[in-house]
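Next comes run_1.cif, a file with mmCIF, C-alpha atoms.
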data_model
loop_
_atom_site.label_atom_id
_atom_site.label_comp_id
_atom_site.auth_asym_id
_atom_site.auth_seq_id
_atom_site.Cartn_x
_atom_site.Cartn_y
_atom_site.Cartn_z
CA MET H 1 -82.40 -0.32 12.79
CA PRO H 2 -81.31 2.26 10.15
CA GLN H 3 -81.48 1.37 6.47
CA PRO H 4 -78.11 0.50 4.89
CA VAL H 5 -76.52 3.23 2.80
CA THR H 6 -77.01 2.74 -0.94
CA PRO H 7 -73.61 1.83 -2.44
CA SER H 8 -72.11 4.09 -5.10
CA ALA H 9 -71.08 2.55 -8.42
CA ALA H 10 -67.31 2.17 -8.68
CA ALA H 11 -64.73 0.57 -10.97
CA THR H 12 -61.20 -0.64 -10.25
CA LEU H 13 -58.42 -1.46 -12.71
CA VAL H 14 -55.68 -3.93 -11.77
CA PHE H 15 -52.54 -3.38 -13.82
CA VAL H 16 -50.35 -6.47 -14.26
CA ARG H 17 -46.97 -6.96 -15.90
CA ASP H 18 -44.41 -9.71 -16.25
CA ARG H 19 -41.40 -9.89 -14.00
CA LEU H 20 -38.75 -12.12 -15.47
CA PRO H 21 -38.17 -14.96 -15.36
CA SER H 22 -41.55 -16.32 -14.21
CA ALA H 23 -43.63 -13.98 -12.06
CA VAL H 24 -46.43 -11.47 -12.49
CA GLU H 25 -46.64 -8.30 -10.45
CA THR H 26 -49.46 -5.85 -9.85
CA LEU H 27 -49.53 -2.10 -9.31
CA LEU H 28 -50.65 -1.16 -5.79
CA LEU H 29 -51.46 2.41 -4.75
CA GLN H 30 -51.36 3.77 -1.22
CA ARG H 31 -54.31 5.99 -0.40
CA HIS H 32 -53.77 9.17 1.59
CA ALA H 33 -53.95 8.71 5.37
CA LYS H 34 -56.86 11.17 5.52
CA SER H 35 -58.93 9.49 2.79
CA LYS H 36 -62.54 8.77 3.71
CA PHE H 37 -62.22 5.22 2.37
CA ALA H 38 -59.32 2.77 2.81
CA ALA H 39 -57.16 5.48 4.39
CA GLY H 40 -53.48 4.53 4.25
CA ASP H 41 -54.16 1.15 2.65
CA TYR H 42 -52.69 -0.15 -0.60
CA VAL H 43 -55.37 -0.67 -3.24
CA PHE H 44 -55.78 -0.88 -7.01
CA ALA H 45 -56.50 2.18 -9.14
CA GLY H 46 -60.18 3.07 -9.18
CA GLY H 47 -63.03 5.28 -8.11
CA LYS H 48 -66.65 6.22 -8.64
CA VAL H 49 -68.42 5.57 -11.93
CA GLU H 50 -70.55 8.44 -13.20
CA THR H 51 -72.95 7.18 -15.86
CA ASP H 52 -74.13 10.73 -16.56
CA ASP H 53 -70.61 11.60 -17.70
CA MET H 54 -70.88 9.15 -20.61
CA PRO H 55 -71.69 11.18 -23.75
CA ALA H 56 -74.18 9.99 -26.33
CA ASP H 57 -71.31 8.91 -28.61
CA GLY H 58 -69.35 7.26 -25.78
CA GLU H 59 -69.45 3.82 -27.37
CA SER H 60 -67.57 5.13 -30.42
CA PHE H 61 -64.53 5.73 -28.20
CA CYS H 62 -64.36 2.06 -27.14
CA ARG H 63 -62.34 -0.51 -29.10
CA GLY H 64 -63.74 -4.04 -29.40
CA LEU H 65 -66.56 -3.56 -26.87
CA THR H 66 -70.16 -2.57 -27.44
CA ALA H 67 -72.53 -1.36 -24.76
CA GLU H 68 -74.69 -4.44 -25.26
CA THR H 69 -71.72 -6.78 -24.80
CA ALA H 70 -70.65 -4.88 -21.69
CA SER H 71 -74.13 -5.27 -20.22
CA ALA H 72 -74.16 -9.01 -20.90
CA ARG H 73 -70.70 -9.48 -19.34
CA LEU H 74 -71.81 -7.70 -16.17
CA GLY H 75 -74.77 -10.00 -15.81
CA GLY H 76 -77.46 -8.17 -17.77
CA ASP H 77 -78.85 -6.25 -14.78
CA LEU H 78 -77.51 -2.89 -15.93
CA SER H 79 -78.50 -0.87 -18.96
CA PRO H 80 -75.98 -0.98 -21.81
CA ARG H 81 -74.91 2.61 -21.12
CA GLU H 82 -74.48 1.94 -17.40
CA ALA H 83 -72.46 -1.20 -18.06
CA LEU H 84 -70.12 0.43 -20.57
CA SER H 85 -69.50 3.28 -18.13
CA TYR H 86 -67.75 0.81 -15.79
CA TRP H 87 -65.08 0.02 -18.40
CA VAL H 88 -64.67 3.69 -19.24
CA GLY H 89 -64.67 4.67 -15.57
CA ALA H 90 -61.94 2.15 -14.74
CA ILE H 91 -59.68 3.52 -17.48
CA ARG H 92 -60.44 7.13 -16.58
CA GLU H 93 -59.77 6.63 -12.87
CA ALA H 94 -56.44 4.97 -13.61
CA PHE H 95 -55.48 7.96 -15.72
CA GLU H 96 -56.47 10.36 -12.95
CA GLU H 97 -54.75 8.50 -10.12
CA VAL H 98 -51.55 7.19 -11.71
CA GLY H 99 -51.38 8.85 -15.14
CA ILE H 100 -51.67 5.62 -17.14
CA LEU H 101 -53.93 5.89 -20.17
CA LEU H 102 -55.08 2.68 -21.86
CA ALA H 103 -55.81 3.98 -25.34
CA TYR H 104 -54.92 3.66 -29.01
CA GLY H 105 -53.58 6.64 -30.93
CA PRO H 106 -54.76 7.68 -34.39
CA ASP H 107 -52.15 5.28 -35.77
CA ASP H 108 -54.00 2.36 -34.07
CA GLU H 109 -50.97 1.67 -31.87
CA LEU H 110 -51.13 1.69 -28.06
CA LEU H 111 -50.51 5.19 -26.79
CA ARG H 112 -47.00 5.97 -25.58
CA ILE H 113 -46.60 9.11 -23.51
CA THR H 114 -43.19 10.13 -24.77
CA ALA H 115 -41.14 13.04 -23.44
CA ASP H 116 -42.62 15.48 -25.97
CA ARG H 117 -46.15 14.51 -24.87
CA ARG H 118 -45.75 14.47 -21.09
CA GLU H 119 -46.60 18.09 -20.42
CA ARG H 120 -49.69 17.91 -22.63
CA TYR H 121 -51.01 14.74 -21.02
CA ALA H 122 -50.23 16.06 -17.55
CA ALA H 123 -52.52 18.98 -18.36
CA TYR H 124 -55.21 16.59 -19.61
CA ARG H 125 -54.86 14.58 -16.39
CA SER H 126 -55.25 17.69 -14.25
CA ALA H 127 -58.34 18.77 -16.19
CA THR H 128 -59.90 15.31 -15.86
CA GLN H 129 -59.30 15.33 -12.11
CA LYS H 130 -61.32 18.54 -11.93
CA ALA H 131 -64.18 17.45 -14.23
CA ASN H 132 -64.83 14.02 -15.74
CA PRO H 133 -66.15 15.37 -19.10
CA ALA H 134 -62.62 16.67 -19.78
CA PHE H 135 -61.62 13.04 -20.32
CA PHE H 136 -63.70 12.83 -23.50
CA ASP H 137 -62.49 16.27 -24.57
CA MET H 138 -58.98 14.80 -24.49
CA LEU H 139 -60.02 11.72 -26.48
CA ARG H 140 -61.54 13.91 -29.17
CA ALA H 141 -58.62 16.34 -29.31
CA GLU H 142 -56.01 13.58 -29.56
CA ARG H 143 -58.16 11.25 -31.70
CA LEU H 144 -57.79 8.43 -29.17
CA THR H 145 -59.78 5.23 -28.79
CA LEU H 146 -59.95 3.54 -25.40
CA ALA H 147 -58.33 0.09 -25.27
CA THR H 148 -61.43 -1.55 -23.80
CA ASP H 149 -60.57 -4.65 -25.81
CA ARG H 150 -57.58 -5.14 -23.49
CA VAL H 151 -59.54 -4.81 -20.25
CA VAL H 152 -61.10 -7.92 -18.66
CA TYR H 153 -63.83 -7.99 -16.03
CA PHE H 154 -63.22 -10.50 -13.24
CA ALA H 155 -64.74 -9.58 -9.83
CA HIS H 156 -67.68 -7.83 -8.16
CA TRP H 157 -67.67 -6.68 -4.53
CA ILE H 158 -70.20 -4.66 -2.57
CA THR H 159 -69.17 -2.94 0.68
CA PRO H 160 -70.84 -4.46 3.78
CA GLU H 161 -74.20 -3.04 4.82
CA GLU H 162 -72.71 -2.17 8.20
CA GLN H 163 -70.40 0.44 6.65
CA PRO H 164 -71.43 4.13 6.41
CA LEU H 165 -69.52 4.57 3.12
CA ARG H 166 -70.35 1.89 0.56
CA PHE H 167 -69.37 1.02 -3.01
CA ASP H 168 -70.68 -1.41 -5.61
CA THR H 169 -67.36 -2.14 -7.27
CA ARG H 170 -66.54 -4.00 -10.46
CA PHE H 171 -62.92 -5.15 -10.80
CA PHE H 172 -61.11 -5.16 -14.13
CA ALA H 173 -57.58 -6.11 -15.14
CA ALA H 174 -55.25 -5.10 -17.95
CA ARG H 175 -51.63 -5.42 -18.92
CA MET H 176 -49.49 -2.37 -18.19
CA PRO H 177 -49.04 -0.54 -21.51
CA PRO H 178 -45.51 0.04 -22.81
CA GLY H 179 -44.09 3.54 -23.00
CA GLN H 180 -45.85 4.82 -19.89
CA GLU H 181 -44.80 5.17 -16.25
CA PRO H 182 -47.23 5.42 -13.32
CA THR H 183 -46.98 8.46 -11.07
CA ALA H 184 -49.01 9.11 -7.92
CA ASP H 185 -51.29 12.12 -8.06
CA GLY H 186 -49.99 13.30 -4.67
CA TYR H 187 -53.50 13.92 -3.36
CA GLU H 188 -55.55 10.74 -3.17
CA ILE H 189 -52.53 8.55 -3.91
CA VAL H 190 -49.22 9.04 -2.08
CA ASP H 191 -47.16 5.95 -3.00
CA LEU H 192 -46.93 3.25 -5.67
CA LYS H 193 -45.51 -0.28 -5.48
CA TRP H 194 -45.10 -3.04 -8.05
CA LEU H 195 -45.42 -6.28 -6.08
CA THR H 196 -46.15 -9.89 -6.87
CA PRO H 197 -49.12 -11.23 -4.91
CA ALA H 198 -46.73 -13.24 -2.71
CA GLU H 199 -44.70 -10.12 -1.97
CA ALA H 200 -47.84 -8.15 -1.15
CA PHE H 201 -49.06 -10.84 1.25
CA ALA H 202 -45.67 -11.00 2.96
CA ALA H 203 -45.48 -7.21 3.32
CA HIS H 204 -49.00 -7.20 4.73
CA LYS H 205 -48.10 -9.90 7.23
CA ARG H 206 -45.09 -7.83 8.33
CA LYS H 207 -47.48 -4.85 8.67
CA GLU H 208 -45.48 -2.87 6.14
CA ILE H 209 -48.57 -2.28 4.01
CA GLY H 210 -52.30 -2.42 4.67
CA LEU H 211 -54.49 -4.55 2.42
CA ARG H 212 -58.27 -4.75 2.51
CA THR H 213 -60.11 -8.04 2.11
CA PRO H 214 -61.21 -7.47 -1.54
CA THR H 215 -57.64 -6.56 -2.48
CA ILE H 216 -56.30 -9.73 -0.84
CA LYS H 217 -58.89 -11.97 -2.49
CA ASN H 218 -58.32 -10.47 -5.92
CA LEU H 219 -54.55 -10.73 -5.56
CA GLU H 220 -55.17 -14.41 -4.85
CA LEU H 221 -57.01 -14.68 -8.19
CA VAL H 222 -54.03 -13.10 -9.96
CA GLN H 223 -51.69 -15.49 -8.15
CA GLN H 224 -53.76 -18.49 -9.21
CA GLY H 225 -53.26 -17.51 -12.85
CA GLY H 226 -49.54 -18.12 -12.57
CA ALA H 227 -47.52 -16.47 -15.36
CA PRO H 228 -47.10 -14.83 -17.82
CA ALA H 229 -49.45 -11.85 -17.56
CA GLU H 230 -51.32 -12.78 -20.74
CA ARG H 231 -52.22 -16.15 -19.21
CA VAL H 232 -53.43 -14.46 -16.03
CA LEU H 233 -55.64 -12.07 -18.00
CA ALA H 234 -57.03 -14.88 -20.16
CA GLN H 235 -58.08 -16.84 -17.07
CA LEU H 236 -59.53 -13.83 -15.30
CA GLY H 237 -61.47 -12.79 -18.37
CA VAL H 238 -63.50 -16.01 -18.62
CA ARG H 239 -64.23 -16.69 -14.94
CA GLU H 240 -67.80 -16.67 -13.65
CA VAL H 241 -68.13 -13.56 -11.51
CA PRO H 242 -70.14 -13.90 -8.29
CA THR H 243 -71.32 -10.86 -6.35
CA ILE H 244 -69.56 -10.78 -2.99
CA ARG H 245 -70.97 -8.70 -0.15
CA PRO H 246 -69.15 -9.32 3.11
CA ARG H 247 -70.54 -8.66 6.54
CA ILE H 248 -68.62 -6.97 9.34
CA LEU H 249 -69.01 -8.72 12.70
CA GLN H 250 -67.53 -7.73 16.04
CA VAL H 251 -65.42 -10.60 17.38
CA ASP H 252 -63.68 -10.00 20.72
CA GLY H 253 -64.23 -6.30 20.21
CA LYS H 254 -62.61 -6.24 16.78
CA PRO H 255 -64.29 -5.90 13.34
CA VAL H 256 -63.99 -9.13 11.34
CA PRO H 257 -65.06 -9.42 7.67
CA VAL H 258 -67.24 -12.47 7.04
CA LEU H 259 -67.66 -13.68 3.46
CA PRO H 260 -70.57 -15.58 1.86
CA GLY H 261 -70.23 -19.28 2.67
CA ASP H 262 -69.21 -18.63 6.25
CA PRO H 263 -71.88 -19.93 8.69
CA ARG H 264 -71.94 -16.50 10.33
CA TRP H 265 -72.94 -14.77 7.09
CA TYR H 266 -76.63 -14.20 6.39
#
I'd like the structure from this file rewritten - as C-alpha coordinates, please.
Amino acid sequence: MPQPVTPSAAATLVFVRDRLPSAVETLLLQRHAKSKFAAGDYVFAGGKVETDDMPADGESFCRGLTAETASARLGGDLSPREALSYWVGAIREAFEEVGILLAYGPDDELLRITADRRERYAAYRSATQKANPAFFDMLRAERLTLATDRVVYFAHWITPEEQPLRFDTRFFAARMPPGQEPTADGYEIVDLKWLTPAEAFAAHKRKEIGLRTPTIKNLELVQQGGAPAERVLAQLGVREVPTIRPRILQVDGKPVPVLPGDPRWY
(Lines of atoms letter the chains of each structure in order from A and count residues from 1; the text may use other names and numbers.)
(Lines give C-alpha, C1' and ligand atoms only; values in the text may rest on other atoms or scores of the structure.)
Protein backbone atom coordinates (compact mmCIF):
# COMPACT_ATOMS: atom_id res chain seq x y z
CA MET A 1 0.00 0.00 0.00
CA PRO A 2 1.50 3.39 -1.01
CA GLN A 3 2.38 5.92 1.66
CA PRO A 4 -0.13 8.79 2.03
CA VAL A 5 0.89 12.08 0.44
CA THR A 6 2.26 14.59 2.95
CA PRO A 7 -0.32 17.40 3.28
CA SER A 8 0.70 20.95 2.40
CA ALA A 9 0.19 23.69 4.99
CA ALA A 10 -2.80 25.88 4.14
CA ALA A 11 -4.87 28.65 5.71
CA THR A 12 -8.46 29.71 5.09
CA LEU A 13 -10.20 32.95 6.06
CA VAL A 14 -13.97 33.04 6.58
CA PHE A 15 -15.36 36.54 6.16
CA VAL A 16 -18.58 37.23 8.06
CA ARG A 17 -20.86 40.25 8.15
CA ASP A 18 -24.22 41.17 9.62
CA ARG A 19 -27.37 41.03 7.56
CA LEU A 20 -30.12 43.03 9.17
CA PRO A 21 -32.17 42.46 11.15
CA SER A 22 -30.75 39.31 12.75
CA ALA A 23 -28.60 37.13 10.51
CA VAL A 24 -24.94 36.61 9.72
CA GLU A 25 -23.71 35.79 6.24
CA THR A 26 -20.41 34.45 4.97
CA LEU A 27 -18.46 35.04 1.77
CA LEU A 28 -18.28 31.92 -0.41
CA LEU A 29 -16.04 31.67 -3.48
CA GLN A 30 -16.55 29.34 -6.42
CA ARG A 31 -13.35 27.69 -7.59
CA HIS A 32 -12.68 27.33 -11.29
CA ALA A 33 -14.07 24.14 -12.84
CA LYS A 34 -10.55 23.09 -13.86
CA SER A 35 -8.98 23.61 -10.42
CA LYS A 36 -6.96 20.69 -9.11
CA PHE A 37 -8.71 20.91 -5.74
CA ALA A 38 -12.43 21.49 -5.04
CA ALA A 39 -13.10 22.21 -8.72
CA GLY A 40 -16.37 24.10 -9.15
CA ASP A 41 -17.19 24.02 -5.44
CA TYR A 42 -17.93 27.02 -3.22
CA VAL A 43 -15.28 27.45 -0.53
CA PHE A 44 -13.81 30.11 1.74
CA ALA A 45 -10.84 32.24 0.71
CA GLY A 46 -7.54 30.48 1.28
CA GLY A 47 -4.51 28.68 -0.04
CA LYS A 48 -1.06 27.35 0.73
CA VAL A 49 1.03 28.76 3.55
CA GLU A 50 4.67 29.38 2.69
CA THR A 51 6.70 29.77 5.88
CA ASP A 52 9.81 30.66 3.87
CA ASP A 53 8.00 33.76 2.59
CA MET A 54 7.83 35.19 6.12
CA PRO A 55 10.64 37.78 6.45
CA ALA A 56 12.75 38.08 9.57
CA ASP A 57 10.74 41.15 10.62
CA GLY A 58 7.37 39.56 9.77
CA GLU A 59 6.08 39.78 13.34
CA SER A 60 6.41 43.58 13.26
CA PHE A 61 3.68 43.70 10.60
CA CYS A 62 1.15 41.93 12.86
CA ARG A 63 -1.15 43.87 15.21
CA GLY A 64 -1.93 42.33 18.60
CA LEU A 65 -0.39 38.92 17.86
CA THR A 66 3.09 37.64 18.61
CA ALA A 67 4.66 34.57 17.06
CA GLU A 68 4.75 32.89 20.47
CA THR A 69 1.04 33.53 21.06
CA ALA A 70 0.24 32.22 17.58
CA SER A 71 2.16 29.03 18.30
CA ALA A 72 0.33 28.49 21.59
CA ARG A 73 -3.08 29.06 19.98
CA LEU A 74 -2.33 26.46 17.30
CA GLY A 75 -1.47 23.89 19.92
CA GLY A 76 2.24 24.44 20.42
CA ASP A 77 3.36 21.88 17.83
CA LEU A 78 4.59 24.46 15.35
CA SER A 79 7.50 26.85 15.68
CA PRO A 80 6.49 30.46 16.40
CA ARG A 81 7.44 31.52 12.87
CA GLU A 82 5.47 28.66 11.30
CA ALA A 83 2.42 29.41 13.43
CA LEU A 84 2.40 33.13 12.66
CA SER A 85 2.69 32.37 8.94
CA TYR A 86 -0.81 30.81 9.06
CA TRP A 87 -2.40 34.11 10.14
CA VAL A 88 -0.38 36.03 7.57
CA GLY A 89 -1.08 33.43 4.89
CA ALA A 90 -4.83 33.59 5.49
CA ILE A 91 -4.86 37.38 5.09
CA ARG A 92 -2.58 37.27 2.05
CA GLU A 93 -4.62 34.59 0.28
CA ALA A 94 -7.83 36.55 0.84
CA PHE A 95 -6.18 39.59 -0.73
CA GLU A 96 -5.03 37.54 -3.72
CA GLU A 97 -8.33 35.76 -4.32
CA VAL A 98 -10.95 38.41 -3.55
CA GLY A 99 -8.99 41.65 -3.12
CA ILE A 100 -9.89 42.15 0.55
CA LEU A 101 -7.00 43.35 2.69
CA LEU A 102 -7.33 43.13 6.47
CA ALA A 103 -4.88 45.81 7.52
CA TYR A 104 -4.49 49.08 9.38
CA GLY A 105 -3.20 52.17 7.60
CA PRO A 106 -0.55 54.52 8.99
CA ASP A 107 -3.40 56.37 10.71
CA ASP A 108 -4.19 53.19 12.73
CA GLU A 109 -7.62 52.96 11.10
CA LEU A 110 -8.78 49.89 9.14
CA LEU A 111 -7.74 50.23 5.53
CA ARG A 112 -10.38 51.45 3.10
CA ILE A 113 -9.64 50.94 -0.57
CA THR A 114 -11.24 54.10 -1.87
CA ALA A 115 -11.63 55.01 -5.54
CA ASP A 116 -8.29 56.86 -5.63
CA ARG A 117 -6.52 53.77 -4.25
CA ARG A 118 -8.14 51.02 -6.32
CA GLU A 119 -5.70 51.04 -9.22
CA ARG A 120 -2.71 51.01 -6.87
CA TYR A 121 -4.02 48.12 -4.78
CA ALA A 122 -5.05 46.21 -7.89
CA ALA A 123 -1.41 46.40 -8.98
CA TYR A 124 -0.27 45.20 -5.54
CA ARG A 125 -2.74 42.32 -5.77
CA SER A 126 -1.45 41.29 -9.19
CA ALA A 127 2.15 41.41 -7.97
CA THR A 128 1.31 39.30 -4.91
CA GLN A 129 -0.41 36.71 -7.09
CA LYS A 130 2.85 36.35 -9.01
CA ALA A 131 5.18 36.25 -5.98
CA ASN A 132 4.29 36.11 -2.28
CA PRO A 133 7.18 38.39 -1.14
CA ALA A 134 5.45 41.24 -3.00
CA PHE A 135 2.86 41.20 -0.22
CA PHE A 136 5.40 42.48 2.31
CA ASP A 137 6.76 44.96 -0.23
CA MET A 138 3.25 46.43 -0.32
CA LEU A 139 3.00 46.54 3.48
CA ARG A 140 6.29 48.42 3.69
CA ALA A 141 5.47 50.83 0.87
CA GLU A 142 2.03 51.70 2.28
CA ARG A 143 3.10 51.53 5.95
CA LEU A 144 0.40 48.96 6.71
CA THR A 145 0.00 46.66 9.69
CA LEU A 146 -1.96 43.43 9.30
CA ALA A 147 -5.15 43.26 11.38
CA THR A 148 -4.21 39.93 12.94
CA ASP A 149 -5.90 41.11 16.14
CA ARG A 150 -9.23 40.81 14.29
CA VAL A 151 -8.65 37.28 13.01
CA VAL A 152 -9.73 34.30 15.14
CA TYR A 153 -8.59 30.70 14.75
CA PHE A 154 -11.39 28.15 15.04
CA ALA A 155 -10.89 24.90 13.07
CA HIS A 156 -8.25 22.45 11.82
CA TRP A 157 -8.85 19.94 9.02
CA ILE A 158 -6.47 17.56 7.27
CA THR A 159 -7.40 16.08 3.89
CA PRO A 160 -8.03 12.30 4.02
CA GLU A 161 -5.04 10.02 3.51
CA GLU A 162 -6.83 8.44 0.56
CA GLN A 163 -6.61 11.68 -1.46
CA PRO A 164 -3.70 12.33 -3.87
CA LEU A 165 -3.78 16.09 -3.15
CA ARG A 166 -3.78 16.88 0.57
CA PHE A 167 -3.80 19.97 2.78
CA ASP A 168 -3.27 20.59 6.48
CA THR A 169 -5.63 23.54 6.79
CA ARG A 170 -6.21 25.96 9.64
CA PHE A 171 -9.47 27.91 9.49
CA PHE A 172 -9.73 31.52 10.62
CA ALA A 173 -12.60 34.00 10.69
CA ALA A 174 -12.85 37.78 10.58
CA ARG A 175 -15.45 40.46 10.11
CA MET A 176 -15.63 41.94 6.61
CA PRO A 177 -13.83 45.30 6.76
CA PRO A 178 -15.75 48.44 5.78
CA GLY A 179 -14.82 50.35 2.67
CA GLN A 180 -13.82 47.30 0.64
CA GLU A 181 -15.66 45.14 -1.89
CA PRO A 182 -14.67 41.57 -2.79
CA THR A 183 -13.93 40.80 -6.43
CA ALA A 184 -13.10 37.39 -7.90
CA ASP A 185 -9.64 37.08 -9.41
CA GLY A 186 -11.13 35.48 -12.54
CA TYR A 187 -8.56 32.68 -12.51
CA GLU A 188 -8.83 30.50 -9.43
CA ILE A 189 -12.10 32.14 -8.36
CA VAL A 190 -14.96 32.69 -10.81
CA ASP A 191 -17.92 33.68 -8.62
CA LEU A 192 -18.70 35.14 -5.19
CA LYS A 193 -21.80 34.79 -3.01
CA TRP A 194 -22.77 36.25 0.35
CA LEU A 195 -25.00 33.62 1.97
CA THR A 196 -26.18 32.81 5.45
CA PRO A 197 -25.33 29.25 6.49
CA ALA A 198 -29.01 28.30 6.10
CA GLU A 199 -29.07 29.72 2.58
CA ALA A 200 -25.87 27.89 1.68
CA PHE A 201 -27.25 24.57 2.95
CA ALA A 202 -30.49 25.08 1.03
CA ALA A 203 -28.66 25.96 -2.19
CA HIS A 204 -26.45 22.91 -1.74
CA LYS A 205 -29.48 20.69 -1.24
CA ARG A 206 -30.99 22.08 -4.45
CA LYS A 207 -27.64 21.33 -6.15
CA GLU A 208 -27.19 24.98 -7.06
CA ILE A 209 -23.80 25.10 -5.36
CA GLY A 210 -21.27 22.46 -4.33
CA LEU A 211 -20.03 22.41 -0.74
CA ARG A 212 -17.30 20.19 0.64
CA THR A 213 -17.59 18.56 4.06
CA PRO A 214 -15.20 20.96 5.89
CA THR A 215 -17.10 23.93 4.45
CA ILE A 216 -20.42 22.51 5.62
CA LYS A 217 -19.15 21.73 9.12
CA ASN A 218 -17.58 25.15 9.54
CA LEU A 219 -20.71 26.88 8.28
CA GLU A 220 -22.52 24.96 11.00
CA LEU A 221 -20.15 26.47 13.57
CA VAL A 222 -20.93 29.96 12.25
CA GLN A 223 -24.65 29.16 12.39
CA GLN A 224 -24.38 28.00 15.99
CA GLY A 225 -22.98 31.40 16.95
CA GLY A 226 -26.24 33.08 16.02
CA ALA A 227 -25.92 36.85 15.50
CA PRO A 228 -24.49 39.46 15.36
CA ALA A 229 -21.14 38.80 13.69
CA GLU A 230 -19.16 39.99 16.71
CA ARG A 231 -20.86 37.35 18.85
CA VAL A 232 -20.08 34.66 16.28
CA LEU A 233 -16.41 35.64 16.19
CA ALA A 234 -16.19 35.77 19.99
CA GLN A 235 -17.53 32.22 20.27
CA LEU A 236 -15.35 30.87 17.48
CA GLY A 237 -12.25 32.50 18.93
CA VAL A 238 -12.42 30.66 22.26
CA ARG A 239 -13.49 27.18 21.12
CA GLU A 240 -11.21 24.19 21.65
CA VAL A 241 -9.95 23.21 18.21
CA PRO A 242 -9.71 19.48 17.47
CA THR A 243 -7.78 18.17 14.48
CA ILE A 244 -10.22 16.53 12.07
CA ARG A 245 -8.95 14.10 9.44
CA PRO A 246 -11.78 12.39 7.60
CA ARG A 247 -11.52 9.12 5.76
CA ILE A 248 -12.99 8.47 2.33
CA LEU A 249 -14.80 5.14 2.08
CA GLN A 250 -16.51 3.62 -0.95
CA VAL A 251 -20.16 2.93 -0.11
CA ASP A 252 -22.28 1.46 -2.91
CA GLY A 253 -19.64 2.59 -5.36
CA LYS A 254 -19.67 6.19 -4.17
CA PRO A 255 -17.04 8.05 -2.06
CA VAL A 256 -18.38 8.87 1.41
CA PRO A 257 -16.49 11.07 3.91
CA VAL A 258 -16.31 9.49 7.37
CA LEU A 259 -15.45 11.71 10.33
CA PRO A 260 -13.75 10.83 13.63
CA GLY A 261 -16.34 9.33 15.99
CA ASP A 262 -17.97 7.28 13.27
CA PRO A 263 -17.49 3.52 13.92
CA ARG A 264 -16.09 3.17 10.40
CA TRP A 265 -13.27 5.64 11.08
CA TYR A 266 -9.92 4.31 12.25
### Message
At a cut-off of 12 Å, using only C-alpha atoms, what residues contact Ala33 in chain H? Leave out same-chain residues fewer than 5 positions from it and give the result as a PyMOL selection string.
### Response
chain H and resi 38-42+186-191+210
Closest-contact table, range 194-244 of chain H side, partner range 74-93 of chain H, 10 Å, counting only C-alpha atoms, as a Markdown table:
| residue | atom | partner | partner_atom | distance |
| --- | --- | --- | --- | --- |
| H:Glu240 | CA | H:Gly75 | CA | 9.9 |
| H:Val241 | CA | H:Leu74 | CA | 8.3 |
| H:Pro242 | CA | H:Gly75 | CA | 9.7 |
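Minimum atom-to-atom distance to Gly225 in chain H, evaluated using only C-alpha atoms, belongs to H:Arg239 out of H:Arg112, H:Arg239, H:Lys254, H:Arg245.
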### Task
Mind giving me the straight-line distance from CA of Val5 in chain H to CA of Phe167 in chain H in Å, one decimal?
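Going from CA of Val5 in chain H over to CA of Phe167 in chain H covers 9.5 Å.
When only C-alpha atoms are used to compute distances to Arg231 in chain H, the closest of the residues H:Ala56, H:Ala174, H:Ala155, H:Leu27 turns out to be H:Ala174.
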### Message
Please expand the PyMOL selection byres ((chain H and resi 105) around 8) into the concrete residues it hits in this file, giving the result as a list in words.
### Response
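In the shown coordinates, the PyMOL selection byres ((chain H and resi 105) around 8) covers Ala103, Tyr104, Pro106, Asp107, Asp108, Glu109, Leu110, Leu111, Glu142, Arg143, Leu144 and Thr145 of chain H.
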Produce the centre coordinates and the three edge lengths, each in Å to one decimal, of the box along x, y and z that contains all listed atoms of range 27-31 of chain H with 4 Å added on each side, as lines of an AutoDock Vina configuration file.
center_x = -51.9
center_y = 1.9
center_z = -4.9
size_x = 12.8
size_y = 16.1
size_z = 16.9
### Task
Report the residues retrieved by the PyMOL selection byres ((chain H and resi 220) around 12) from the displayed file, expressed as a list in words.
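Output from the PyMOL selection byres ((chain H and resi 220) around 12), applied to this file: Val24, Glu25, Thr26, Ala155, Thr196, Pro197, Ala198, Glu199, Ala200, Phe201, Thr213, Pro214, Thr215, Ile216, Lys217, Asn218, Leu219, Leu221, Val222, Gln223, Gln224, Gly225, Gly226, Val232 and Leu236 of chain H.
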### Message
Would you pick out the contacts of Ile158 in chain H at 12 Å or less, using only C-alpha atoms, so that residues sharing its chain but fewer than 3 positions from it are not included, and give the list as a list of chain:residue names?
### Response
H:Val5, H:Thr6, H:Pro7, H:Ser8, H:Ala9, H:Ala10, H:Ala11, H:Ala155, H:Glu161, H:Glu162, H:Gln163, H:Leu165, H:Arg166, H:Phe167, H:Asp168, H:Thr169, H:Arg170, H:Phe171, H:Thr213, H:Pro214, H:Pro242, H:Thr243, H:Ile244, H:Arg245, H:Pro246, H:Arg247, H:Leu259, H:Pro260
### Query
Of the residues H:Pro133, H:Tyr121, H:Asp116, H:Phe95, which is the one nearest to Asp52 in chain H, using only C-alpha atoms?
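The shortest atom-to-atom distance to Asp52 in chain H comes from H:Pro133.
Shortest separation to Ala115 in chain H among H:Glu181, H:Pro2, H:Ala45, H:Glu208 occurs at residue H:Glu181, atoms counted being only C-alpha atoms.
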